[in-house]
$ cat data-v9.pdb   # PDB, C-alpha atoms
ATOM      1  CA  MET A  11       0.000   0.000   0.000  1.00  0.00           C
ATOM      2  CA  LEU A  12       2.843   2.378   0.752  1.00  0.00           C
ATOM      3  CA  ILE A  13       4.290   1.811  -2.707  1.00  0.00           C
ATOM      4  CA  ILE A  14       0.972   2.736  -4.331  1.00  0.00           C
ATOM      5  CA  LEU A  15       0.678   5.800  -2.102  1.00  0.00           C
ATOM      6  CA  ALA A  16       4.221   6.879  -2.979  1.00  0.00           C
ATOM      7  CA  PHE A  17       3.485   6.398  -6.692  1.00  0.00           C
ATOM      8  CA  ILE A  18       0.309   8.509  -6.460  1.00  0.00           C
ATOM      9  CA  ILE A  19       2.132  11.284  -4.584  1.00  0.00           C
ATOM     10  CA  LEU A  20       5.025  11.308  -7.077  1.00  0.00           C
ATOM     11  CA  PHE A  21       2.625  11.266 -10.013  1.00  0.00           C
ATOM     12  CA  HIS A  22       0.723  14.225  -8.558  1.00  0.00           C
ATOM     13  CA  LEU A  23       3.936  16.148  -7.879  1.00  0.00           C
ATOM     14  CA  ALA A  24       5.151  15.453 -11.432  1.00  0.00           C
ATOM     15  CA  ALA A  25       1.886  16.851 -12.818  1.00  0.00           C
ATOM     16  CA  ALA A  26       2.235  19.949 -10.612  1.00  0.00           C
ATOM     17  CA  ILE A  27       5.828  20.488 -11.735  1.00  0.00           C
ATOM     18  CA  LEU A  28       4.773  20.200 -15.381  1.00  0.00           C
ATOM     19  CA  LEU A  29       2.052  22.781 -14.794  1.00  0.00           C
ATOM     20  CA  PHE A  30       4.549  25.161 -13.193  1.00  0.00           C
ATOM     21  CA  VAL A  31       6.941  24.699 -16.126  1.00  0.00           C
ATOM     22  CA  ALA A  32       4.168  25.265 -18.663  1.00  0.00           C
ATOM     23  CA  THR A  33       3.070  28.413 -16.864  1.00  0.00           C
ATOM     24  CA  ILE A  34       6.476  29.959 -16.187  1.00  0.00           C
ATOM     25  CA  HIS A  35       8.743  28.899 -19.065  1.00  0.00           C
ATOM     26  CA  ASN A  36       8.760  31.216 -22.068  1.00  0.00           C
ATOM     27  CA  ALA A  37       8.311  28.820 -24.973  1.00  0.00           C
ATOM     28  CA  TRP A  38       4.633  28.492 -25.876  1.00  0.00           C
ATOM     29  CA  TRP A  39       5.384  29.818 -29.376  1.00  0.00           C
ATOM     30  CA  VAL A  40       8.770  29.802 -31.118  1.00  0.00           C
ATOM     31  CA  VAL A  41       9.644  31.900 -34.152  1.00  0.00           C
ATOM     32  CA  THR A  42      12.915  31.510 -36.054  1.00  0.00           C
ATOM     33  CA  PRO A  43      13.222  34.447 -38.474  1.00  0.00           C
ATOM     34  CA  PRO A  44      15.988  34.115 -41.061  1.00  0.00           C
ATOM     35  CA  ASN A  45      19.248  35.833 -40.029  1.00  0.00           C
ATOM     36  CA  HIS A  46      17.846  36.780 -36.597  1.00  0.00           C
ATOM     37  CA  ASP A  47      17.783  35.385 -33.086  1.00  0.00           C
ATOM     38  CA  VAL A  48      15.102  32.894 -32.138  1.00  0.00           C
ATOM     39  CA  ILE A  49      12.078  34.560 -30.522  1.00  0.00           C
ATOM     40  CA  TYR A  50      10.331  32.710 -27.716  1.00  0.00           C
ATOM     41  CA  THR A  51       6.843  33.799 -26.771  1.00  0.00           C
ATOM     42  CA  ASP A  52       5.031  32.772 -23.631  1.00  0.00           C
ATOM     43  CA  LEU A  53       1.692  33.921 -22.291  1.00  0.00           C
ATOM     44  CA  TRP A  54       3.027  37.306 -21.180  1.00  0.00           C
ATOM     45  CA  TYR A  55       6.250  38.179 -23.020  1.00  0.00           C
ATOM     46  CA  SER A  56       8.136  37.707 -26.265  1.00  0.00           C
ATOM     47  CA  CYS A  57      11.863  37.281 -25.752  1.00  0.00           C
ATOM     48  CA  ASN A  58      14.979  37.027 -27.876  1.00  0.00           C
ATOM     49  CA  VAL A  59      17.822  38.905 -26.183  1.00  0.00           C
ATOM     50  CA  THR A  60      15.436  41.183 -24.300  1.00  0.00           C
ATOM     51  CA  CYS A  61      11.812  40.630 -23.355  1.00  0.00           C
ATOM     52  CA  TYR A  62       8.880  42.823 -24.259  1.00  0.00           C
ATOM     53  CA  PRO A  63       5.194  42.369 -23.434  1.00  0.00           C
ATOM     54  CA  VAL A  64       2.898  40.644 -25.904  1.00  0.00           C
ATOM     55  CA  GLU A  65       1.364  43.347 -28.089  1.00  0.00           C
ATOM     56  CA  SER A  66      -2.207  44.358 -27.203  1.00  0.00           C
ATOM     57  CA  SER A  67      -2.330  41.810 -24.392  1.00  0.00           C
ATOM     58  CA  HIS A  68      -4.741  44.020 -22.456  1.00  0.00           C
ATOM     59  CA  SER A  69      -7.103  44.663 -25.347  1.00  0.00           C
ATOM     60  CA  VAL A  70     -10.354  43.048 -26.409  1.00  0.00           C
ATOM     61  CA  GLU A  71      -8.551  41.342 -29.311  1.00  0.00           C
ATOM     62  CA  ALA A  72      -6.398  39.451 -26.790  1.00  0.00           C
ATOM     63  CA  ALA A  73      -9.270  38.208 -24.648  1.00  0.00           C
ATOM     64  CA  TYR A  74      -8.346  34.699 -25.736  1.00  0.00           C
ATOM     65  CA  LEU A  75      -4.841  35.186 -24.372  1.00  0.00           C
ATOM     66  CA  GLN A  76      -6.247  36.449 -21.083  1.00  0.00           C
ATOM     67  CA  ALA A  77      -8.454  33.352 -20.854  1.00  0.00           C
ATOM     68  CA  VAL A  78      -5.425  31.116 -21.452  1.00  0.00           C
ATOM     69  CA  GLN A  79      -3.450  32.986 -18.784  1.00  0.00           C
ATOM     70  CA  ALA A  80      -6.260  32.725 -16.249  1.00  0.00           C
ATOM     71  CA  THR A  81      -7.038  29.056 -16.798  1.00  0.00           C
ATOM     72  CA  ILE A  82      -3.426  27.829 -16.752  1.00  0.00           C
ATOM     73  CA  ILE A  83      -2.777  29.734 -13.526  1.00  0.00           C
ATOM     74  CA  LEU A  84      -6.013  28.385 -12.065  1.00  0.00           C
ATOM     75  CA  ALA A  85      -4.996  24.850 -13.076  1.00  0.00           C
ATOM     76  CA  THR A  86      -1.650  25.231 -11.325  1.00  0.00           C
ATOM     77  CA  ILE A  87      -3.273  26.573  -8.170  1.00  0.00           C
ATOM     78  CA  LEU A  88      -5.939  23.848  -8.155  1.00  0.00           C
ATOM     79  CA  CYS A  89      -3.315  21.134  -8.618  1.00  0.00           C
ATOM     80  CA  CYS A  90      -1.361  22.429  -5.618  1.00  0.00           C
ATOM     81  CA  VAL A  91      -4.517  22.802  -3.527  1.00  0.00           C
ATOM     82  CA  SER A  92      -5.609  19.260  -4.357  1.00  0.00           C
ATOM     83  CA  PHE A  93      -2.243  17.948  -3.167  1.00  0.00           C
ATOM     84  CA  PHE A  94      -2.634  19.687   0.191  1.00  0.00           C
ATOM     85  CA  VAL A  95      -6.242  18.515   0.454  1.00  0.00           C
ATOM     86  CA  PHE A  96      -5.052  14.965  -0.253  1.00  0.00           C
ATOM     87  CA  MET A  97      -2.507  15.219   2.555  1.00  0.00           C
ATOM     88  CA  LEU A  98      -5.191  16.540   4.918  1.00  0.00           C
ATOM     89  CA  GLN A  99      -7.634  13.818   3.911  1.00  0.00           C
ATOM     90  CA  LEU A 100      -4.960  11.177   4.251  1.00  0.00           C
ATOM     91  CA  PHE A 101      -4.818  11.856   7.986  1.00  0.00           C
ATOM     92  CA  SER A 102      -8.428  12.857   8.628  1.00  0.00           C
ATOM     93  CA  ILE A 103     -10.829  10.540   6.772  1.00  0.00           C
ATOM     94  CA  LYS A 104     -11.898   7.162   8.109  1.00  0.00           C
ATOM     95  CA  GLN A 105     -10.775   3.847   6.693  1.00  0.00           C
ATOM     96  CA  GLY A 106     -12.647   2.747   3.602  1.00  0.00           C
ATOM     97  CA  GLU A 107     -13.628   6.269   2.538  1.00  0.00           C
ATOM     98  CA  ARG A 108     -12.666   7.708  -0.838  1.00  0.00           C
ATOM     99  CA  PHE A 109     -10.727  10.878  -1.620  1.00  0.00           C
ATOM    100  CA  ILE A 110     -13.662  12.462  -3.476  1.00  0.00           C
ATOM    101  CA  PHE A 111     -12.906  16.096  -2.600  1.00  0.00           C
ATOM    102  CA  THR A 112      -9.293  15.738  -3.748  1.00  0.00           C
ATOM    103  CA  ALA A 113     -10.457  14.050  -6.947  1.00  0.00           C
ATOM    104  CA  ILE A 114     -12.913  16.834  -7.742  1.00  0.00           C
ATOM    105  CA  ILE A 115     -10.269  19.523  -7.310  1.00  0.00           C
ATOM    106  CA  GLN A 116      -7.748  17.593  -9.428  1.00  0.00           C
ATOM    107  CA  LEU A 117     -10.310  16.960 -12.166  1.00  0.00           C
ATOM    108  CA  LEU A 118     -11.104  20.697 -12.196  1.00  0.00           C
ATOM    109  CA  ALA A 119      -7.378  21.370 -12.613  1.00  0.00           C
ATOM    110  CA  SER A 120      -7.355  18.948 -15.528  1.00  0.00           C
ATOM    111  CA  LEU A 121     -10.323  20.712 -17.097  1.00  0.00           C
ATOM    112  CA  CYS A 122      -8.574  24.083 -16.743  1.00  0.00           C
ATOM    113  CA  VAL A 123      -5.429  22.761 -18.434  1.00  0.00           C
ATOM    114  CA  MET A 124      -7.473  21.380 -21.298  1.00  0.00           C
ATOM    115  CA  ILE A 125      -9.364  24.656 -21.703  1.00  0.00           C
ATOM    116  CA  SER A 126      -6.206  26.783 -21.702  1.00  0.00           C
ATOM    117  CA  ALA A 127      -4.316  24.593 -24.168  1.00  0.00           C
ATOM    118  CA  SER A 128      -7.375  24.281 -26.413  1.00  0.00           C
ATOM    119  CA  ILE A 129      -7.970  28.021 -26.517  1.00  0.00           C
ATOM    120  CA  TYR A 130      -4.291  28.611 -27.267  1.00  0.00           C
ATOM    121  CA  THR A 131      -4.411  26.031 -30.053  1.00  0.00           C
ATOM    122  CA  ALA A 132      -7.487  27.560 -31.642  1.00  0.00           C
ATOM    123  CA  GLU A 133      -6.683  31.240 -31.253  1.00  0.00           C
ATOM    124  CA  ASN A 134      -2.895  31.668 -31.129  1.00  0.00           C
ATOM    125  CA  LYS A 135      -2.746  33.420 -34.519  1.00  0.00           C
ATOM    126  CA  ASN A 136      -5.216  36.070 -33.335  1.00  0.00           C
ATOM    127  CA  PHE A 137      -3.164  37.586 -30.537  1.00  0.00           C
ATOM    128  CA  HIS A 138       0.384  37.312 -31.914  1.00  0.00           C
ATOM    129  CA  ALA A 139       2.004  40.228 -33.683  1.00  0.00           C
ATOM    130  CA  VAL A 140       2.255  39.930 -37.457  1.00  0.00           C
ATOM    131  CA  SER A 141       5.998  39.266 -37.242  1.00  0.00           C
ATOM    132  CA  LEU A 142       5.400  36.313 -34.896  1.00  0.00           C
ATOM    133  CA  LYS A 143       2.651  34.486 -36.790  1.00  0.00           C
ATOM    134  CA  GLN A 144       5.041  32.286 -38.796  1.00  0.00           C
ATOM    135  CA  GLY A 145       6.195  30.198 -35.858  1.00  0.00           C
ATOM    136  CA  SER A 146       5.553  26.864 -34.254  1.00  0.00           C
ATOM    137  CA  TYR A 147       4.428  25.537 -30.900  1.00  0.00           C
ATOM    138  CA  GLY A 148       7.129  25.465 -28.266  1.00  0.00           C
ATOM    139  CA  SER A 149       8.067  23.192 -25.415  1.00  0.00           C
ATOM    140  CA  SER A 150       5.838  24.867 -22.816  1.00  0.00           C
ATOM    141  CA  TYR A 151       2.817  24.305 -25.009  1.00  0.00           C
ATOM    142  CA  ILE A 152       3.706  20.623 -25.321  1.00  0.00           C
ATOM    143  CA  VAL A 153       4.307  20.378 -21.566  1.00  0.00           C
ATOM    144  CA  ALA A 154       0.854  21.882 -20.973  1.00  0.00           C
ATOM    145  CA  TRP A 155      -0.734  19.210 -23.165  1.00  0.00           C
ATOM    146  CA  VAL A 156       1.275  16.482 -21.413  1.00  0.00           C
ATOM    147  CA  SER A 157       0.141  17.746 -18.012  1.00  0.00           C
ATOM    148  CA  PHE A 158      -3.511  17.447 -19.074  1.00  0.00           C
ATOM    149  CA  PRO A 159      -3.667  13.621 -19.144  1.00  0.00           C
ATOM    150  CA  MET A 160      -1.447  13.458 -16.070  1.00  0.00           C
ATOM    151  CA  THR A 161      -3.810  15.612 -14.005  1.00  0.00           C
ATOM    152  CA  LEU A 162      -6.789  13.727 -15.449  1.00  0.00           C
ATOM    153  CA  MET A 163      -5.324  10.337 -14.505  1.00  0.00           C
ATOM    154  CA  SER A 164      -4.348  11.658 -11.096  1.00  0.00           C
ATOM    155  CA  GLY A 165      -7.906  12.853 -10.482  1.00  0.00           C
ATOM    156  CA  LEU A 166      -9.299   9.505 -11.591  1.00  0.00           C
ATOM    157  CA  MET A 167      -6.861   7.693  -9.298  1.00  0.00           C
ATOM    158  CA  TYR A 168      -8.154   9.743  -6.366  1.00  0.00           C
ATOM    159  CA  LEU A 169     -11.733   8.765  -7.288  1.00  0.00           C
ATOM    160  CA  VAL A 170     -10.843   5.082  -7.119  1.00  0.00           C
ATOM    161  CA  LEU A 171      -8.489   5.280  -4.143  1.00  0.00           C
ATOM    162  CA  ARG A 172      -9.778   4.259  -0.714  1.00  0.00           C
ATOM    163  CA  LYS A 173      -8.030   4.873   2.571  1.00  0.00           C
ATOM    164  CA  ARG A 174      -6.607   1.714   4.099  1.00  0.00           C
ATOM    165  CA  LYS A 175      -4.504   0.958   7.163  1.00  0.00           C
TER     166      LYS A 175
END

$ encode --input "data-v9.pdb" --output "structure tokens"
Amino acid sequence: MLIILAFIILFHLAAAILLFVATIHNAWWVVTPPNHDVIYTDLWYSCNVTCYPVESSHSVEAAYLQAVQATIILATILCCVSFFVFMLQLFSIKQGERFIFTAIIQLLASLCVMISASIYTAENKNFHAVSLKQGSYGSSYIVAWVSFPMTLMSGLMYLVLRKRK
């Protein structure tokens, strides 16, 4: 039982780390213009040697970007909260009970990751500057999509998991 518990905790922590990397790292969109430095764009800044804010990020045209920012941050917060709730439930619920509250929070985190990555996939050309439209998805974008099934599986594991001795 301890091995399963350790696996679940490590799996949850790995999902949380991936969410932090996807949120913080500046490589959601990568542009390689000929004879210039590579430009990495995240949800807030575009960087090559120096960083500058994403153009019109506070305008109505960038409402999609603001939704992506909000949902990926919410997913990261919910994933961390569900870990602490799991630790609290681990010591407070009775034997045989399920970790339903933890599962609900983790499944909400999974839903937020899916929403943010889906919106970014559908609308990324609408909020990038014209010079940045000819790029490709970066590593943070891929990490966000990888963290989606991890948080989903983690939430489903909590639904199935029962407290034992």

$ resolve_selection --input "data-v9.pdb" --expression "the PyMOL selection byres ((chain A and resi 110) around 10)" --output "MDAnalysis selection string"
chainID A and resid 96 99 107:109 111:116 165:166 168:172

$ residues_around --input "data-v9.pdb" --residues "Ile19 (chain A)" --least-positions-apart "5" --cutoff "10 Å" --atoms "all atoms listed in the file" --output "mmCIF file with C-alpha atoms, in the frame of the given file"
data_model
loop_
_atom_site.group_PDB
_atom_site.id
_atom_site.type_symbol
_atom_site.label_atom_id
_atom_site.label_comp_id
_atom_site.auth_asym_id
_atom_site.auth_seq_id
_atom_site.Cartn_x
_atom_site.Cartn_y
_atom_site.Cartn_z
ATOM 1 C CA ILE A 13 4.290 1.811 -2.707
ATOM 2 C CA ILE A 14 0.972 2.736 -4.331
ATOM 3 C CA ALA A 24 5.151 15.453 -11.432
ATOM 4 C CA ALA A 25 1.886 16.851 -12.818
ATOM 5 C CA PHE A 93 -2.243 17.948 -3.167
ATOM 6 C CA PHE A 96 -5.052 14.965 -0.253
ATOM 7 C CA MET A 97 -2.507 15.219 2.555
ATOM 8 C CA SER A 164 -4.348 11.658 -11.096
#

$ atom_distance --input "data-v9.pdb" --atom1 "CA of Trp39 (chain A)" --atom2 "CA of Ala80 (chain A)"
17.8 Å

$ atom_distance --input "data-v9.pdb" --atom1 "CA of Tyr74 (chain A)" --atom2 "CA of Ser92 (chain A)"
26.5 Å

$ closest_residue --input "data-v9.pdb" --among "A:Met163, A:Gly148, A:Ser157, A:Ile18" --to "Ile49 (chain A)" --atoms "only C-alpha atoms"
A:Gly148

$ resolve_selection --input "data-v9.pdb" --expression "the PyMOL selection byres ((chain A and resi 28) around 12)" --output "PDB file with C-alpha atoms, in the coordinates of the input"
ATOM      1  CA  PHE A  21       2.625  11.266 -10.013  1.00  0.00           C
ATOM      2  CA  HIS A  22       0.723  14.225  -8.558  1.00  0.00           C
ATOM      3  CA  LEU A  23       3.936  16.148  -7.879  1.00  0.00           C
ATOM      4  CA  ALA A  24       5.151  15.453 -11.432  1.00  0.00           C
ATOM      5  CA  ALA A  25       1.886  16.851 -12.818  1.00  0.00           C
ATOM      6  CA  ALA A  26       2.235  19.949 -10.612  1.00  0.00           C
ATOM      7  CA  ILE A  27       5.828  20.488 -11.735  1.00  0.00           C
ATOM      8  CA  LEU A  29       2.052  22.781 -14.794  1.00  0.00           C
ATOM      9  CA  PHE A  30       4.549  25.161 -13.193  1.00  0.00           C
ATOM     10  CA  VAL A  31       6.941  24.699 -16.126  1.00  0.00           C
ATOM     11  CA  ALA A  32       4.168  25.265 -18.663  1.00  0.00           C
ATOM     12  CA  THR A  33       3.070  28.413 -16.864  1.00  0.00           C
ATOM     13  CA  ILE A  34       6.476  29.959 -16.187  1.00  0.00           C
ATOM     14  CA  HIS A  35       8.743  28.899 -19.065  1.00  0.00           C
ATOM     15  CA  ILE A  82      -3.426  27.829 -16.752  1.00  0.00           C
ATOM     16  CA  ALA A  85      -4.996  24.850 -13.076  1.00  0.00           C
ATOM     17  CA  THR A  86      -1.650  25.231 -11.325  1.00  0.00           C
ATOM     18  CA  CYS A  89      -3.315  21.134  -8.618  1.00  0.00           C
ATOM     19  CA  CYS A  90      -1.361  22.429  -5.618  1.00  0.00           C
ATOM     20  CA  VAL A 123      -5.429  22.761 -18.434  1.00  0.00           C
ATOM     21  CA  SER A 149       8.067  23.192 -25.415  1.00  0.00           C
ATOM     22  CA  SER A 150       5.838  24.867 -22.816  1.00  0.00           C
ATOM     23  CA  TYR A 151       2.817  24.305 -25.009  1.00  0.00           C
ATOM     24  CA  ILE A 152       3.706  20.623 -25.321  1.00  0.00           C
ATOM     25  CA  VAL A 153       4.307  20.378 -21.566  1.00  0.00           C
ATOM     26  CA  ALA A 154       0.854  21.882 -20.973  1.00  0.00           C
ATOM     27  CA  TRP A 155      -0.734  19.210 -23.165  1.00  0.00           C
ATOM     28  CA  VAL A 156       1.275  16.482 -21.413  1.00  0.00           C
ATOM     29  CA  SER A 157       0.141  17.746 -18.012  1.00  0.00           C
ATOM     30  CA  PHE A 158      -3.511  17.447 -19.074  1.00  0.00           C
ATOM     31  CA  PRO A 159      -3.667  13.621 -19.144  1.00  0.00           C
ATOM     32  CA  MET A 160      -1.447  13.458 -16.070  1.00  0.00           C
ATOM     33  CA  THR A 161      -3.810  15.612 -14.005  1.00  0.00           C
TER      34      THR A 161
END

$ closest_residue --input "data-v9.pdb" --among "A:Val41, A:Leu98, A:Ala132, A:Leu118" --to "Leu75 (chain A)" --atoms "only C-alpha atoms"
A:Ala132

$ closest_residue --input "data-v9.pdb" --among "A:Val40, A:Leu100, A:Trp54, A:Ile125" --to "Ala72 (chain A)" --atoms "only C-alpha atoms"
A:Trp54

$ axis_aligned_box --input "data-v9.pdb" --around "region 41-58 of chain A" --padding-each-side "4 Å" --output "JSON"
{"center_x": 10.5, "center_y": 34.8, "center_z": -31.1, "size_x": 25.6, "size_y": 14.7, "size_z": 27.9}

$ closest_residue --input "data-v9.pdb" --among "A:Ala127, A:Leu117, A:Ala16, A:Val140" --to "Val91 (chain A)" --atoms "only C-alpha atoms"
A:Leu117

$ closest_residue --input "data-v9.pdb" --among "A:Ile83, A:Gln76, A:Pro44, A:Phe17" --to "Ala119 (chain A)" --atoms "only C-alpha atoms"
A:Ile83
